[in-house]
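Engineer: Below: one structure in structure tokens.
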Amino acid sequence: MAKVKDTSISSRIFDVMIWLVMAFMLIICVVPFVYMIALSLSSAKAIINGKVSFWPVELNLEAYSKIFTYPNFFRAYGNTIFYTVVGTAIALVMTILFAYPLSKSYLKGHGFFTKVVIFSMYFSGGLIPNYLLISSIGLTGTRWAIILPFAISQFNLIILINFFKALPTEIEEAALIDGIGYFGILPRIILPLSTAAIATIGLYYAVFFWNDWFNGLIYLNTPQYPVMLFLRNIVNGTMVVGNASSASADTAMLGISTKSAVIITSTLPIIILYPFLQKYFVKGLTVGSVKG
Amino acid sequence: MKKASIIVLVLLGTVAMLFAQAAKEQAVSEVPVEFSMYYSDNATLPFKDSWLTVQETAKIANATVHYEAIPIADYSTKVSLALNTQTNAPDVILYQTTAGENQSLALNGAIVPISDYSEWTPNFNAMVEKYNMQSDINKIRLGDGKYYYLPSLTDVPFYDGGIILRQDYLEKKGLAAPKTYDDLYKILKAYKADNPTSYPLTILAGPRVLYRMTMPAFGVSLGRNGSGGSRVLSWDYEKLEFFEGAISEEFKAYISFFAKLYKEGLLDPEMAEPIDGGTWSRKMATGASMATWAYYDQIGGVTAASEIEGFKLQMYPALEGPAGAHHQQKNRLGSGIMFPTKTTKRSDFEQIVRAVDKMFFSEECSKIWCIGVKGVTYTEENGKIKYSDEIMNASEGIYKYMQLAYGCGSDVTQMVWVNAREMTKYDENYAAINAAVEAIGDVIQYIPPTPKFDDLKAEEAGMLLTPLADKFEVWCDAFLTGKKSIDKDWDTYVKEMKSIGIEKFCTLYNANL
């Protein structure tokens, strides 16, 4: 059936308005990146003299080649890829395993565990008790310290519980009648129907693990640091100018082009993920929100 | 005869004991020791295990050191966690003092009172004696009379940052180098007249840099970077006691001067937000500003990059204000080395302390941390240090190149700063400025003493400090930007500061000196 196209003037004006608003939003989102890329590819002299706007001036790759001289950058980059891939995989498995039983309100203890989840969402032990707990189970100083304790996010868990609840129970009953046991229903029936929700929370987890620097800082040792900690040091660390008790003149600044190059290199991979998961993203969020 | 035999026996015994002690010390330093150490890592000087300084000093101390390079922005968080929990803490922590939280941690037993083990730090003791710093050391003793870290030692603090101006502009207009704040005002006014869209005076980072470098000339030192950490009190160098600097006439004169600059468009309004290094460089290089307070080694890059013909930046000695020509206060002691209590549980604790003492405070190693290894980075001719051609010709300058290539001259690891030795790493211009500053005399005053609070007093002071510091920041900003009138609102401000206890706070400080 052909689509009915509204060609009235008011409708066209409305379309134009929408396009303008969207174009404006797009510019707001894209401009900082374009500017960063232009800075990272321009010469220091051009930047200091205020010549760079949205196009590289005196094009060069010096900033990127300088990153190679940082002893820990690529190790940190490798660490972050590990935390993101392994962390997201573990987090998805754990969240799915927890969300599925919690989506069955007839199960014993359902109410209790749901309350525990909600409670821990609003109240946490605080930094030092958490640190002591993670230390006492021997995780501090190991890569698992920033993967296992964050394997289940309450927010993602609730999204998935609602999604599972929205699936028709008849499908599961049919599967039972057809001879698939309880342990077969989740991987063979539920998960294939839940790709949108899983992709969505997978993206949330991936972004969390990619961006996390604080947990890395407190639980890990230098060789295990993620790249975001490195990035933070490059961007923020150099703002600590001229310590009041400083004896030396060690207050030199890092070039803007180098900062920009580090920002681009460390954020681009996770940004690239979005377009590929976009089709699941909206669907995953909205499907879980309506039950019935 | 019997008496003589006894004397001989006693003498022999004493000599034997001395030999035994010496042999023990020798044995202790010969046994290799392995320990971990927190290092505050700055992105402008990224730490490298392979640095010549790191390798050589470890070799001399016969130690295997596992450096944990922690980003400087988060260093205090990591150290605080390590000291509070003692789990996963390193054996040694660099770049620490007992100010703030560490004071209470020290008094509660989380940090080793290193003064109790002074026989294990012979090199540190020798340096303290050599530079006559015993009275300085006494200033870092806490309420229990002990000191908890081995501070870095500076024989004569030097003028590494200050007022920087466009020398080419002064020459072009036939203006003399400024000596006072009034001279500076006239220069800024002239530049504004020539360049109406400019803000002649800008600063690097936030207002705290401006405040800490300029307030001493007006007789106060306040705010987040105010020396002494009291934020709202200042030190009276004649009476040797604290006074309520934030509500004093001295501060009123200070803020009136800068409010005038602000009102007349002579002071960069963006200074309220941190101005990062790039923005600051751009403002200076393009002529949007012509004066600033910053550090000497930062001006080279701007001069090289500017496209203004004849552009030249120069640092000048501290300007004279109502209280004289003074710059940011400095101590002869700086951040230093601390041992978490956990380390005492190690059977080789003595070896660790001795190795650390040797690595950072021995003549040999302290020289390495400053100028590298003889024959590699420098040679000595008639007692004069001559750096290798590679260092002399480095585009970043001697100081920065030696930092990046060898790890020399880092605040974190260099514990002994000898002014004359430092000057060999700078150009003649810098040495001349320092000589001019020294000729003025007493430009860099000492940082006021830290009160020796016990736990309860420290908490009481902390509770008074937070609202006082917050209120001061708000009013200071309002006075500067003209949101509040200094003439009309000053009394209200003083009344408010008094109502939240500035006088009580001051009494508390003075009672615990």
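Just remember, in the structure tokens the first chain shown is A, the second B, etc., residues are 1-based per chain, and ligands are 1-based in the order shown.
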Can you build me a table of chain B residues sitting at most 6 Å from chain A, with the closest atom pair per residue and its distance in Å to one decimal, using only C-alpha atoms, sorted by chain and residue number, as a Markdown table?

Structural biologist:
```
| residue | atom | partner | partner_atom | distance |
| --- | --- | --- | --- | --- |
| B:Ala43 | CA | A:Ile234 | CA | 5.3 |
| B:Thr44 | CA | A:Leu254 | CA | 5.7 |
| B:Glu68 | CA | A:Thr222 | CA | 5.6 |
| B:Pro71 | CA | A:Asn233 | CA | 5.4 |
| B:Ile72 | CA | A:Gly237 | CA | 5.7 |
| B:Ala73 | CA | A:Gly237 | CA | 4.8 |
| B:Lys78 | CA | A:Ile218 | CA | 5.9 |
| B:Asp160 | CA | A:Ala249 | CA | 5.7 |
| B:Gly277 | CA | A:Met253 | CA | 5.9 |
| B:Gly278 | CA | A:Ile256 | CA | 5.9 |
| B:Ser281 | CA | A:Ile48 | CA | 5.9 |
| B:Arg282 | CA | A:Ile48 | CA | 4.3 |
| B:Thr286 | CA | A:Asn49 | CA | 5.7 |
| B:Gln298 | CA | A:Ala252 | CA | 5.6 |
| B:Ala305 | CA | A:Lys45 | CA | 4.9 |
| B:Gly334 | CA | A:Ser245 | CA | 5.8 |
```

Engineer: Extract the full set of helix (DSSP H, G or I) residues from region 34-186 of chain A according to DSSP on the backbone, and format it as a ChimeraX atom specification.

Structural biologist: /A:34-40,44-48,62-67,73-102,110-122,127-136,143-146,148-150,154-166,169-177,182-186

Engineer: I want to know what sits within 10 Å of region 371-380 of chain B, based on only C-alpha atoms, with residues of the same chain fewer than 5 positions away left out; could you give that as an MDAnalysis selection string?

Structural biologist: chainID B and resid 51:53 56:57 364:366 385:391 399 402:403 406:409 421:422 424:425

Engineer: List the spatial neighbours of Phe183 (chain A) as a PDB file with C-alpha atoms, in the first residue's frame - criterion: any atom at most 12 Å away, only C-alpha atoms, same-chain residues fewer than 5 positions off excluded.

Structural biologist:
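Result file follows (out_33.pdb):
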```pdb
ATOM      1  CA  LEU A  97      20.986 -15.007  34.727  1.00  0.00           C
ATOM      2  CA  TYR A 100      15.305 -14.062  34.152  1.00  0.00           C
ATOM      3  CA  PRO A 101      14.291 -15.541  37.515  1.00  0.00           C
ATOM      4  CA  GLU A 172       7.397 -20.560  27.297  1.00  0.00           C
ATOM      5  CA  ALA A 175       8.209 -24.734  24.721  1.00  0.00           C
ATOM      6  CA  LEU A 176       7.595 -26.728  27.887  1.00  0.00           C
ATOM      7  CA  ARG A 188      16.861 -21.367  23.117  1.00  0.00           C
ATOM      8  CA  ILE A 189      13.650 -19.380  23.349  1.00  0.00           C
ATOM      9  CA  ILE A 190      14.064 -16.231  25.454  1.00  0.00           C
TER      10      ILE A 190
END
```

Engineer: Suppose you want the space between CA of Leu61 (chain A) and CA of Leu41 (chain A); what is it in Å?

Structural biologist: 5.8 Å

Engineer: With the cut-off set at 10 Å and counting only C-alpha atoms, tabulate each residue of region 140-225 of chain A with an atom at most that distance from an atom of region 105-114 of chain A, showing the nearest atom pair and its distance in Å to one decimal, ordered by chain and increasing number, as a tab-separated table.

Structural biologist:
```
residue	atom	partner	partner_atom	distance
A:Gln154	CA	A:Thr114	CA	9.9
A:Ile158	CA	A:Thr114	CA	9.2
A:Lys165	CA	A:Ser105	CA	9.1
```

Engineer: Based on the selection just made, write N, CA and C atoms of those residues as an mmCIF file, in the first residue's frame.

Structural biologist:
```cif
data_model
loop_
_atom_site.group_PDB
_atom_site.id
_atom_site.type_symbol
_atom_site.label_atom_id
_atom_site.label_comp_id
_atom_site.auth_asym_id
_atom_site.auth_seq_id
_atom_site.Cartn_x
_atom_site.Cartn_y
_atom_site.Cartn_z
ATOM 1 N N GLN A 154 22.134 -2.392 38.494
ATOM 2 C CA GLN A 154 20.708 -2.493 38.835
ATOM 3 C C GLN A 154 19.835 -1.882 37.743
ATOM 4 N N ILE A 158 16.980 -3.982 35.728
ATOM 5 C CA ILE A 158 15.547 -3.660 35.719
ATOM 6 C C ILE A 158 15.026 -3.560 34.291
ATOM 7 N N LYS A 165 9.591 -9.755 31.240
ATOM 8 C CA LYS A 165 8.195 -9.818 31.689
ATOM 9 C C LYS A 165 7.243 -9.568 30.529
#
```

Engineer: Identify all residues of region 117-347 of chain B in strand (DSSP E or B) (DSSP on the backbone) and supply them as a PyMOL selection string.

Structural biologist: chain B and resi 149-154+161-166+180+201-203+205+234-236+241-243+267+275+291-295+313-316+320-321+324-325+327+333-338+340

Engineer: Kindly save the residues from that selection, with N, CA and C atoms included, as a short mmCIF file (atom, residue, chain, number, x, y, z; two decimals), in the first residue's frame.

Structural biologist:
```
data_model
loop_
_atom_site.label_atom_id
_atom_site.label_comp_id
_atom_site.auth_asym_id
_atom_site.auth_seq_id
_atom_site.Cartn_x
_atom_site.Cartn_y
_atom_site.Cartn_z
N TYR B 149 57.66 12.41 57.79
CA TYR B 149 58.16 12.22 56.43
C TYR B 149 59.52 12.86 56.29
N LEU B 150 60.25 12.41 55.29
CA LEU B 150 61.56 12.98 55.01
C LEU B 150 61.35 14.02 53.92
N PRO B 151 61.35 15.31 54.29
CA PRO B 151 61.00 16.33 53.29
C PRO B 151 62.13 16.58 52.30
N SER B 152 61.78 17.17 51.16
CA SER B 152 62.82 17.60 50.24
C SER B 152 63.44 18.88 50.82
N LEU B 153 64.72 19.08 50.55
CA LEU B 153 65.46 20.18 51.18
C LEU B 153 65.96 21.16 50.12
N THR B 154 65.73 22.45 50.35
CA THR B 154 66.21 23.46 49.41
C THR B 154 67.10 24.44 50.17
N GLY B 161 58.95 31.73 39.08
CA GLY B 161 57.83 32.30 38.34
C GLY B 161 57.56 33.69 38.87
N GLY B 162 56.87 34.50 38.12
CA GLY B 162 56.59 35.85 38.59
C GLY B 162 55.88 36.66 37.53
N ILE B 163 56.04 37.97 37.59
CA ILE B 163 55.38 38.83 36.63
C ILE B 163 56.13 38.76 35.28
N ILE B 164 55.37 38.47 34.24
CA ILE B 164 55.94 38.33 32.89
C ILE B 164 55.27 39.36 31.98
N LEU B 165 56.07 40.09 31.26
CA LEU B 165 55.53 41.16 30.40
C LEU B 165 56.13 41.08 29.00
N ARG B 166 55.45 41.76 28.05
CA ARG B 166 55.99 41.88 26.69
C ARG B 166 57.09 42.93 26.71
N THR B 180 56.89 48.62 40.78
CA THR B 180 55.79 48.58 41.76
C THR B 180 54.48 48.21 41.05
N LEU B 201 46.13 42.11 31.18
CA LEU B 201 46.66 41.17 32.19
C LEU B 201 45.84 39.90 32.22
N THR B 202 46.47 38.79 31.94
CA THR B 202 45.78 37.50 32.06
C THR B 202 46.57 36.62 33.02
N ILE B 203 46.03 35.46 33.35
CA ILE B 203 46.77 34.57 34.24
C ILE B 203 46.67 33.16 33.74
N ALA B 205 45.94 29.22 34.56
CA ALA B 205 45.10 28.45 35.50
C ALA B 205 44.08 29.38 36.15
N SER B 234 46.41 35.02 57.75
CA SER B 234 47.72 35.32 57.18
C SER B 234 48.72 35.44 58.33
N TRP B 235 49.99 35.42 57.97
CA TRP B 235 51.04 35.39 58.98
C TRP B 235 51.66 36.76 59.13
N ASP B 236 51.78 37.21 60.37
CA ASP B 236 52.45 38.47 60.65
C ASP B 236 53.93 38.15 60.88
N GLU B 241 52.85 35.68 64.44
CA GLU B 241 51.56 35.05 64.78
C GLU B 241 50.58 35.26 63.61
N PHE B 242 49.51 34.49 63.64
CA PHE B 242 48.50 34.62 62.59
C PHE B 242 47.59 35.81 62.87
N PHE B 243 47.06 36.42 61.84
CA PHE B 243 46.01 37.43 62.01
C PHE B 243 44.90 37.16 60.99
N LEU B 267 42.11 43.55 33.45
CA LEU B 267 42.30 42.17 33.92
C LEU B 267 41.35 41.25 33.15
N ILE B 275 42.09 29.08 33.13
CA ILE B 275 42.57 29.31 31.76
C ILE B 275 43.66 28.27 31.52
N ALA B 291 50.54 40.90 29.70
CA ALA B 291 51.15 40.68 31.01
C ALA B 291 50.50 39.48 31.67
N THR B 292 51.26 38.79 32.50
CA THR B 292 50.72 37.60 33.14
C THR B 292 51.57 37.23 34.35
N TRP B 293 51.02 36.43 35.23
CA TRP B 293 51.85 35.79 36.25
C TRP B 293 51.95 34.33 35.89
N ALA B 294 53.14 33.85 35.68
CA ALA B 294 53.32 32.45 35.29
C ALA B 294 54.75 32.04 35.63
N TYR B 295 55.17 30.90 35.08
CA TYR B 295 56.50 30.37 35.38
C TYR B 295 57.46 30.60 34.21
N LEU B 313 58.97 37.99 25.47
CA LEU B 313 58.46 37.98 26.84
C LEU B 313 59.64 37.99 27.81
N GLN B 314 59.45 38.68 28.91
CA GLN B 314 60.52 38.71 29.92
C GLN B 314 59.90 38.61 31.31
N MET B 315 60.58 37.89 32.19
CA MET B 315 60.11 37.82 33.57
C MET B 315 60.86 38.89 34.38
N TYR B 316 60.14 39.58 35.26
CA TYR B 316 60.75 40.65 36.05
C TYR B 316 60.72 40.29 37.53
N GLU B 320 56.86 45.68 43.93
CA GLU B 320 56.71 46.17 45.31
C GLU B 320 55.27 46.61 45.56
N GLY B 321 54.71 46.10 46.62
CA GLY B 321 53.36 46.50 47.03
C GLY B 321 53.44 47.22 48.36
N GLY B 324 55.91 45.65 50.66
CA GLY B 324 57.26 45.40 50.13
C GLY B 324 57.22 44.53 48.89
N ALA B 325 58.40 44.24 48.37
CA ALA B 325 58.48 43.39 47.17
C ALA B 325 58.54 41.93 47.61
N HIS B 327 57.10 37.79 46.84
CA HIS B 327 56.51 36.83 45.91
C HIS B 327 55.93 35.70 46.74
N LEU B 333 61.64 23.47 53.00
CA LEU B 333 61.26 22.06 52.97
C LEU B 333 60.08 21.87 52.02
N GLY B 334 60.10 20.81 51.26
CA GLY B 334 58.99 20.54 50.36
C GLY B 334 58.40 19.17 50.62
N SER B 335 57.55 18.73 49.73
CA SER B 335 56.94 17.40 49.87
C SER B 335 58.06 16.36 49.89
N GLY B 336 57.80 15.27 50.58
CA GLY B 336 58.87 14.29 50.72
C GLY B 336 58.39 12.85 50.79
N ILE B 337 59.16 12.04 51.51
CA ILE B 337 58.96 10.58 51.47
C ILE B 337 58.33 10.09 52.78
N MET B 338 57.35 9.24 52.63
CA MET B 338 56.58 8.76 53.77
C MET B 338 56.51 7.23 53.75
N PRO B 340 54.11 4.05 55.00
CA PRO B 340 52.89 3.59 55.69
C PRO B 340 53.27 2.63 56.82
#
```

Engineer: Closest to Asp268 (chain B) among B:Ile93, B:Leu480, B:Asn88, B:Asn429, using only C-alpha atoms?

Structural biologist: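 Between B:Ile93, B:Leu480, B:Asn88, B:Asn429, the residue approaching Asp268 (chain B) most closely is B:Leu480.
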
Engineer: Within 10 Å of Phe208 (chain A), counting only C-alpha atoms, which residues qualify if same-chain residues fewer than 3 places away don't, as a ChimeraX atom specification?

Structural biologist: /A:83-84,87-88,150,202-205,211-213

Engineer: Report, in Å with one decimal, the straight-line distance from CA of Lys173 (chain B) to CA of Gly287 (chain B).

Structural biologist: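 If I compute the distance from CA of Lys173 (chain B) to CA of Gly287 (chain B), I get 15.2 Å.
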
Engineer: Mind pulling up the distance from CA of Glu496 (chain B) to CA of Lys471 (chain B)?

Structural biologist: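 It comes out at 8.5 Å.
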
Engineer: Could you list, as a tab-separated table (two decimals) with C-alpha atoms, in the first residue's frame, every residue within 8 Å of region 503-505 of chain B, counting only C-alpha atoms and ignoring same-chain residues fewer than 4 positions away?

Structural biologist:
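Contents of result33.tsv, as written:
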```tsv
chain	number	residue	atom	x	y	z
B	244	GLU	CA	42.58	37.51	60.35
B	461	ALA	CA	39.55	23.86	63.05
B	464	LEU	CA	35.37	26.36	61.28
B	465	LEU	CA	37.49	26.45	58.14
B	498	LYS	CA	33.09	37.29	62.30
B	509	TYR	CA	45.69	28.66	65.24
```

Engineer: Write out as a count of residues only which residues come within 10 Å of Leu160 (chain A) when counting only C-alpha atoms, dropping same-chain ones fewer than 3 positions away.

Structural biologist: 25
